[in-house]
$ cat input.cif   # mmCIF, C-alpha atoms
data_structure
loop_
_atom_site.label_atom_id
_atom_site.label_comp_id
_atom_site.auth_asym_id
_atom_site.auth_seq_id
_atom_site.Cartn_x
_atom_site.Cartn_y
_atom_site.Cartn_z
CA MET A 1 45.34 -58.40 11.21
CA GLY A 2 46.74 -57.31 7.83
CA LYS A 3 44.89 -55.28 5.26
CA THR A 4 42.52 -56.93 2.81
CA LYS A 5 42.64 -55.83 -0.80
CA ALA A 6 40.84 -56.98 -3.94
CA PHE A 7 43.05 -58.61 -6.56
CA ILE A 8 41.36 -58.76 -9.96
CA PHE A 9 42.82 -60.81 -12.81
CA ASP A 10 42.12 -60.72 -16.51
CA LEU A 11 42.09 -64.20 -18.10
CA ASP A 12 43.48 -64.35 -21.64
CA GLY A 13 47.16 -63.48 -21.69
CA VAL A 14 47.34 -63.12 -17.90
CA ILE A 15 46.28 -66.46 -16.39
CA VAL A 16 46.31 -68.59 -19.55
CA ASP A 17 47.51 -68.00 -23.08
CA THR A 18 44.35 -68.71 -25.02
CA ALA A 19 45.31 -66.11 -27.63
CA LYS A 20 46.81 -68.91 -29.75
CA TYR A 21 43.47 -70.74 -29.79
CA HIS A 22 41.56 -67.56 -30.64
CA PHE A 23 44.01 -67.03 -33.49
CA LEU A 24 43.54 -70.55 -34.85
CA ALA A 25 39.74 -70.23 -34.70
CA TRP A 26 39.65 -66.77 -36.31
CA LYS A 27 42.16 -67.84 -38.96
CA LYS A 28 40.11 -70.89 -39.92
CA LEU A 29 36.99 -68.72 -40.21
CA ALA A 30 38.88 -66.05 -42.18
CA ASP A 31 40.28 -68.72 -44.53
CA ASN A 32 36.75 -69.98 -45.15
CA LEU A 33 35.73 -66.42 -46.06
CA GLY A 34 38.74 -65.96 -48.35
CA ILE A 35 40.32 -63.35 -46.07
CA GLU A 36 44.03 -63.34 -45.25
CA PHE A 37 44.50 -63.19 -41.46
CA THR A 38 47.95 -62.95 -39.83
CA HIS A 39 49.37 -62.94 -36.29
CA ASP A 40 49.75 -59.16 -36.59
CA ASP A 41 46.05 -58.88 -37.44
CA ASN A 42 45.28 -61.03 -34.39
CA GLU A 43 47.12 -58.58 -32.12
CA LYS A 44 44.51 -55.95 -33.00
CA LEU A 45 41.79 -58.22 -31.57
CA LYS A 46 43.33 -58.30 -28.07
CA GLY A 47 40.76 -57.26 -25.48
CA VAL A 48 38.15 -56.75 -28.22
CA SER A 49 34.69 -58.37 -28.13
CA ARG A 50 33.87 -61.30 -30.40
CA VAL A 51 31.34 -59.21 -32.36
CA ARG A 52 33.80 -56.36 -32.96
CA SER A 53 36.56 -58.87 -33.83
CA LEU A 54 34.43 -60.31 -36.64
CA ASP A 55 33.72 -56.81 -37.96
CA LEU A 56 37.46 -56.06 -38.01
CA ILE A 57 38.17 -59.28 -39.94
CA LEU A 58 35.44 -58.47 -42.47
CA GLU A 59 36.95 -54.98 -42.85
CA LEU A 60 40.33 -56.62 -43.58
CA GLY A 61 38.75 -58.43 -46.51
CA ASN A 62 36.63 -55.43 -47.55
CA GLN A 63 33.56 -57.60 -47.03
CA THR A 64 30.10 -56.87 -45.70
CA ALA A 65 27.61 -59.43 -44.42
CA SER A 66 24.05 -59.73 -43.16
CA GLN A 67 23.44 -59.95 -39.42
CA GLU A 68 22.22 -63.50 -39.97
CA ASP A 69 25.55 -64.52 -41.54
CA LYS A 70 27.49 -62.72 -38.83
CA ASN A 71 25.57 -64.54 -36.08
CA LYS A 72 26.23 -67.87 -37.80
CA TRP A 73 29.97 -67.13 -38.11
CA LEU A 74 30.21 -66.01 -34.47
CA VAL A 75 28.76 -69.34 -33.34
CA GLU A 76 31.09 -71.19 -35.72
CA LYS A 77 34.15 -69.33 -34.39
CA ASN A 78 33.23 -70.06 -30.77
CA GLU A 79 32.68 -73.76 -31.50
CA LEU A 80 36.11 -73.91 -33.18
CA TYR A 81 37.67 -72.14 -30.18
CA LEU A 82 35.98 -74.45 -27.66
CA SER A 83 37.17 -77.50 -29.60
CA TYR A 84 40.76 -76.35 -28.98
CA LEU A 85 40.07 -75.97 -25.23
CA VAL A 86 38.88 -79.56 -24.74
CA ASN A 87 42.31 -80.83 -23.71
CA MET A 88 43.28 -77.86 -21.54
CA ASP A 89 44.77 -78.59 -18.11
CA SER A 90 46.95 -76.90 -15.47
CA ASN A 91 49.92 -76.99 -17.88
CA GLU A 92 48.21 -74.14 -19.75
CA LEU A 93 48.63 -71.75 -16.79
CA LEU A 94 51.18 -69.04 -17.50
CA PRO A 95 54.44 -69.05 -15.46
CA GLY A 96 54.08 -67.96 -11.83
CA VAL A 97 50.30 -67.47 -11.92
CA GLU A 98 49.30 -70.30 -9.59
CA LYS A 99 52.09 -69.42 -7.14
CA THR A 100 50.84 -65.81 -7.03
CA LEU A 101 47.20 -66.83 -6.51
CA ASN A 102 48.14 -69.28 -3.74
CA TYR A 103 50.26 -66.66 -1.97
CA LEU A 104 47.45 -64.08 -2.05
CA LYS A 105 45.04 -66.73 -0.74
CA SER A 106 47.44 -67.59 2.10
CA LYS A 107 47.45 -63.90 3.03
CA GLY A 108 43.64 -63.82 3.23
CA GLN A 109 43.26 -61.58 0.19
CA LYS A 110 40.17 -61.47 -2.01
CA ILE A 111 40.57 -62.67 -5.59
CA ALA A 112 38.30 -62.09 -8.59
CA LEU A 113 38.36 -62.71 -12.31
CA GLY A 114 37.51 -59.75 -14.55
CA SER A 115 37.47 -60.94 -18.14
CA ALA A 116 35.64 -60.27 -21.40
CA SER A 117 35.76 -64.01 -22.16
CA LYS A 118 32.43 -65.83 -22.18
CA ASN A 119 34.31 -69.10 -21.66
CA ALA A 120 36.08 -68.09 -18.45
CA ARG A 121 34.41 -70.59 -16.12
CA PRO A 122 35.22 -73.74 -18.14
CA ILE A 123 38.82 -72.54 -18.52
CA LEU A 124 39.21 -72.02 -14.76
CA GLU A 125 37.67 -75.45 -14.15
CA LYS A 126 39.95 -77.21 -16.65
CA THR A 127 43.09 -75.57 -15.26
CA GLY A 128 42.08 -76.46 -11.68
CA ILE A 129 42.19 -72.95 -10.19
CA MET A 130 38.47 -72.19 -9.89
CA PRO A 131 38.51 -72.70 -6.05
CA LEU A 132 41.05 -69.85 -5.70
CA PHE A 133 38.54 -67.24 -6.93
CA ASP A 134 36.04 -65.53 -4.64
CA ALA A 135 34.16 -63.93 -7.54
CA ILE A 136 33.96 -64.21 -11.32
CA VAL A 137 32.83 -61.50 -13.72
CA ASP A 138 33.04 -62.49 -17.38
CA GLY A 139 31.64 -61.60 -20.78
CA ASN A 140 28.23 -63.01 -19.80
CA ASP A 141 27.91 -60.40 -17.02
CA VAL A 142 28.91 -57.16 -18.73
CA SER A 143 27.66 -55.15 -21.69
CA ASN A 144 30.54 -52.69 -22.10
CA ALA A 145 33.98 -53.68 -23.40
CA LYS A 146 37.27 -52.39 -21.96
CA PRO A 147 38.49 -49.63 -21.69
CA ASP A 148 35.06 -49.17 -20.09
CA PRO A 149 35.78 -50.26 -16.47
CA GLU A 150 32.44 -52.09 -15.99
CA VAL A 151 34.00 -55.56 -15.63
CA PHE A 152 36.42 -54.39 -12.90
CA LEU A 153 33.80 -52.29 -11.11
CA GLN A 154 31.53 -55.32 -10.93
CA ALA A 155 34.39 -57.48 -9.64
CA ALA A 156 35.26 -54.99 -6.88
CA GLN A 157 31.59 -54.75 -5.95
CA LYS A 158 31.30 -58.55 -5.67
CA LEU A 159 34.32 -58.52 -3.34
CA ASN A 160 32.87 -55.61 -1.31
CA ALA A 161 36.01 -53.61 -2.03
CA GLU A 162 36.63 -49.93 -2.70
CA ASN A 163 38.13 -49.09 -6.09
CA LYS A 164 41.23 -47.62 -4.42
CA ASP A 165 41.77 -50.97 -2.66
CA SER A 166 41.59 -52.96 -5.91
CA ILE A 167 44.58 -54.16 -7.93
CA VAL A 168 44.12 -55.26 -11.55
CA PHE A 169 46.45 -57.57 -13.51
CA GLU A 170 46.11 -56.98 -17.27
CA ASP A 171 47.96 -57.71 -20.52
CA SER A 172 46.10 -55.33 -22.85
CA VAL A 173 46.23 -51.55 -23.25
CA ALA A 174 42.43 -51.36 -23.05
CA GLY A 175 42.47 -53.37 -19.82
CA VAL A 176 45.12 -51.16 -18.20
CA GLN A 177 43.15 -48.08 -19.25
CA ALA A 178 39.97 -49.55 -17.75
CA ALA A 179 41.73 -50.13 -14.41
CA ASN A 180 43.14 -46.59 -14.45
CA ILE A 181 39.74 -45.07 -15.29
CA ALA A 182 38.30 -46.93 -12.27
CA ASN A 183 41.08 -45.50 -10.04
CA MET A 184 42.43 -48.98 -9.35
CA ILE A 185 46.11 -49.98 -9.24
CA SER A 186 47.09 -51.40 -12.64
CA VAL A 187 49.73 -54.11 -13.04
CA GLY A 188 50.68 -54.74 -16.66
CA ILE A 189 51.80 -58.24 -17.62
CA GLY A 190 53.73 -58.09 -20.90
CA SER A 191 55.77 -55.54 -22.81
CA ALA A 192 56.74 -52.29 -21.08
CA ASP A 193 56.61 -50.50 -24.44
CA VAL A 194 52.98 -51.52 -24.97
CA LEU A 195 51.68 -51.27 -21.39
CA ASN A 196 53.39 -48.00 -20.43
CA GLU A 197 50.20 -46.59 -18.88
CA ALA A 198 50.25 -49.24 -16.11
CA ASP A 199 51.35 -48.38 -12.55
CA HIS A 200 53.63 -51.43 -12.51
CA ILE A 201 54.85 -53.56 -15.44
CA PHE A 202 56.35 -57.05 -15.47
CA ALA A 203 57.09 -59.47 -18.30
CA ASP A 204 55.41 -62.28 -16.34
CA PHE A 205 54.48 -63.35 -12.81
CA ASN A 206 57.93 -64.80 -12.13
CA GLU A 207 59.48 -61.35 -12.54
CA PHE A 208 58.26 -60.16 -9.12
CA ASP A 209 58.47 -61.73 -5.68
CA THR A 210 56.24 -61.85 -2.61
CA ASN A 211 57.70 -58.52 -1.39
CA PHE A 212 55.93 -56.81 -4.28
CA LEU A 213 52.63 -58.52 -3.42
CA ASP A 214 53.10 -57.56 0.25
CA SER A 215 53.63 -53.93 -0.78
CA LEU A 216 50.36 -54.00 -2.76
CA ILE A 217 48.54 -55.40 0.26
CA GLU A 218 49.98 -52.92 2.75
CA ASN A 219 49.93 -49.68 0.73
#

$ encode --input "input.cif" --output "C-alpha cells"
Amino acid sequence: MGKTKAFIFDLDGVIVDTAKYHFLAWKKLADNLGIEFTHDDNEKLKGVSRVRSLDLILELGNQTASQEDKNKWLVEKNELYLSYLVNMDSNELLPGVEKTLNYLKSKGQKIALGSASKNARPILEKTGIMPLFDAIVDGNDVSNAKPDPEVFLQAAQKLNAENKDSIVFEDSVAGVQAANIANMISVGIGSADVLNEADHIFADFNEFDTNFLDSLIEN
C-alpha cells in the first residue's frame, strides 16, 4: 500500500483562470466610479480579499466611501463576476489540471480545494470536477486571508492529514507563503521570478509528469 498525502489546490489561476473575469468586473465598477483600472492594477489584487480589493481600487482613485456604499459596490462587483461565469464549462480548466487530478485520484490520494473564492463550489460544478475533491475550504469558511495559512490548515484537517504530508499548488506569492508558514510542500504554478519562495515551480501542469507526482507521494 502506497503512502497517502493531502493535495491541496488553490482555485483562481491554478485550476481555472477566472482572473480575467475578476478584472472585467472590477474594471466595470472602477469605470462607474471614474477610476482608471489597468491589468497591472489587477495583478495587485491577486490572492487579496474582495473587501481589500475594493479599498485598493478606491485608493487608486484617491476616493473614500461610506461602509454602506462599499457594501453596495461589493455586491455589484460579485453580481458582475457571476454573470461572466454563467457559461463556464470544462474548457475553462487550465492545461493539465484535470489529468493531474485524475492521476492523484487513481493513486488513492486525498484532494482538497483551498481557495479564498466565495464562488468556488459553482465553479467546480460548472467545470465538472467537483467529484474529484474530497474536501472544499473556500472564502465562506475562513476569516483570515493568505499569507495566513488558515485555509490550508482547515483543508488538511478535513483530509485528516498532517501538515508535513500536505502539498499545496498555488499561483500567488501570498499563497506560497501561506503553505510555507504551515510547513507544507509548496508547488508554484506560474513565473519562477514571482514564485521563487516555492519548493517547486512550474509554468503549468503540463510542465511536470507523473514521476514528479509519484515523488511527492513517496517522499

$ closest_atom_pairs --input "input.cif" --of "range 53-145 of chain A" --to "range 176-184 of chain A" --cutoff "12 Å" --atoms "only C-alpha atoms" --output "CSV"
residue,atom,partner,partner_atom,distance
A:Gly114,CA,A:Ala179,CA,10.5
A:Ser115,CA,A:Ala178,CA,11.7
A:Asn144,CA,A:Ala178,CA,10.8
A:Ala145,CA,A:Ala178,CA,9.2

$ atom_distance --input "input.cif" --atom1 "CA of Asp199 in chain A" --atom2 "CA of Glu162 in chain A"
17.8 Å

$ resolve_selection --input "input.cif" --expression "the PyMOL selection byres ((chain A and resi 45) around 12)" --output "list of chain:residue names"
A:Asp12, A:Ala19, A:Lys20, A:His22, A:Phe23, A:Trp26, A:Phe37, A:Thr38, A:His39, A:Asp40, A:Asp41, A:Asn42, A:Glu43, A:Lys44, A:Lys46, A:Gly47, A:Val48, A:Ser49, A:Arg50, A:Val51, A:Arg52, A:Ser53, A:Leu54, A:Asp55, A:Leu56, A:Ile57, A:Ser172, A:Val173, A:Ala174

$ atom_distance --input "input.cif" --atom1 "CA of Pro147 in chain A" --atom2 "CA of Ala116 in chain A"
11.0 Å

$ resolve_selection --input "input.cif" --expression "the PyMOL selection byres ((chain A and resi 171) around 8)" --output "PyMOL selection string"
chain A and resi 10+13-14+169-170+172-173+175-176+188-190+195

$ decode --input "input.cif" --residues "range 74-98 of chain A" --atoms "C-alpha atoms" --output "short mmCIF file (atom, residue, chain, number, x, y, z; two decimals), in the first residue's frame"
data_model
loop_
_atom_site.label_atom_id
_atom_site.label_comp_id
_atom_site.auth_asym_id
_atom_site.auth_seq_id
_atom_site.Cartn_x
_atom_site.Cartn_y
_atom_site.Cartn_z
CA LEU A 74 -19.11 44.69 -3.32
CA VAL A 75 -22.47 43.10 -4.13
CA GLU A 76 -22.47 44.80 -7.53
CA LYS A 77 -18.96 43.54 -8.33
CA ASN A 78 -19.85 39.96 -7.36
CA GLU A 79 -23.02 40.01 -9.47
CA LEU A 80 -20.99 41.24 -12.46
CA TYR A 81 -18.40 38.50 -11.84
CA LEU A 82 -21.07 35.77 -11.54
CA SER A 83 -22.68 36.94 -14.77
CA TYR A 84 -19.40 36.16 -16.57
CA LEU A 85 -19.30 32.66 -15.02
CA VAL A 86 -22.72 31.61 -16.33
CA ASN A 87 -21.31 29.98 -19.46
CA MET A 88 -18.30 28.34 -17.82
CA ASP A 89 -17.60 24.69 -18.67
CA SER A 90 -14.70 22.21 -18.64
CA ASN A 91 -12.97 24.21 -21.41
CA GLU A 92 -12.13 26.78 -18.72
CA LEU A 93 -9.85 24.31 -16.88
CA LEU A 94 -6.20 25.26 -17.19
CA PRO A 95 -3.89 22.91 -19.17
CA GLY A 96 -3.05 19.62 -17.45
CA VAL A 97 -5.19 20.23 -14.35
CA GLU A 98 -7.79 17.51 -14.93
#
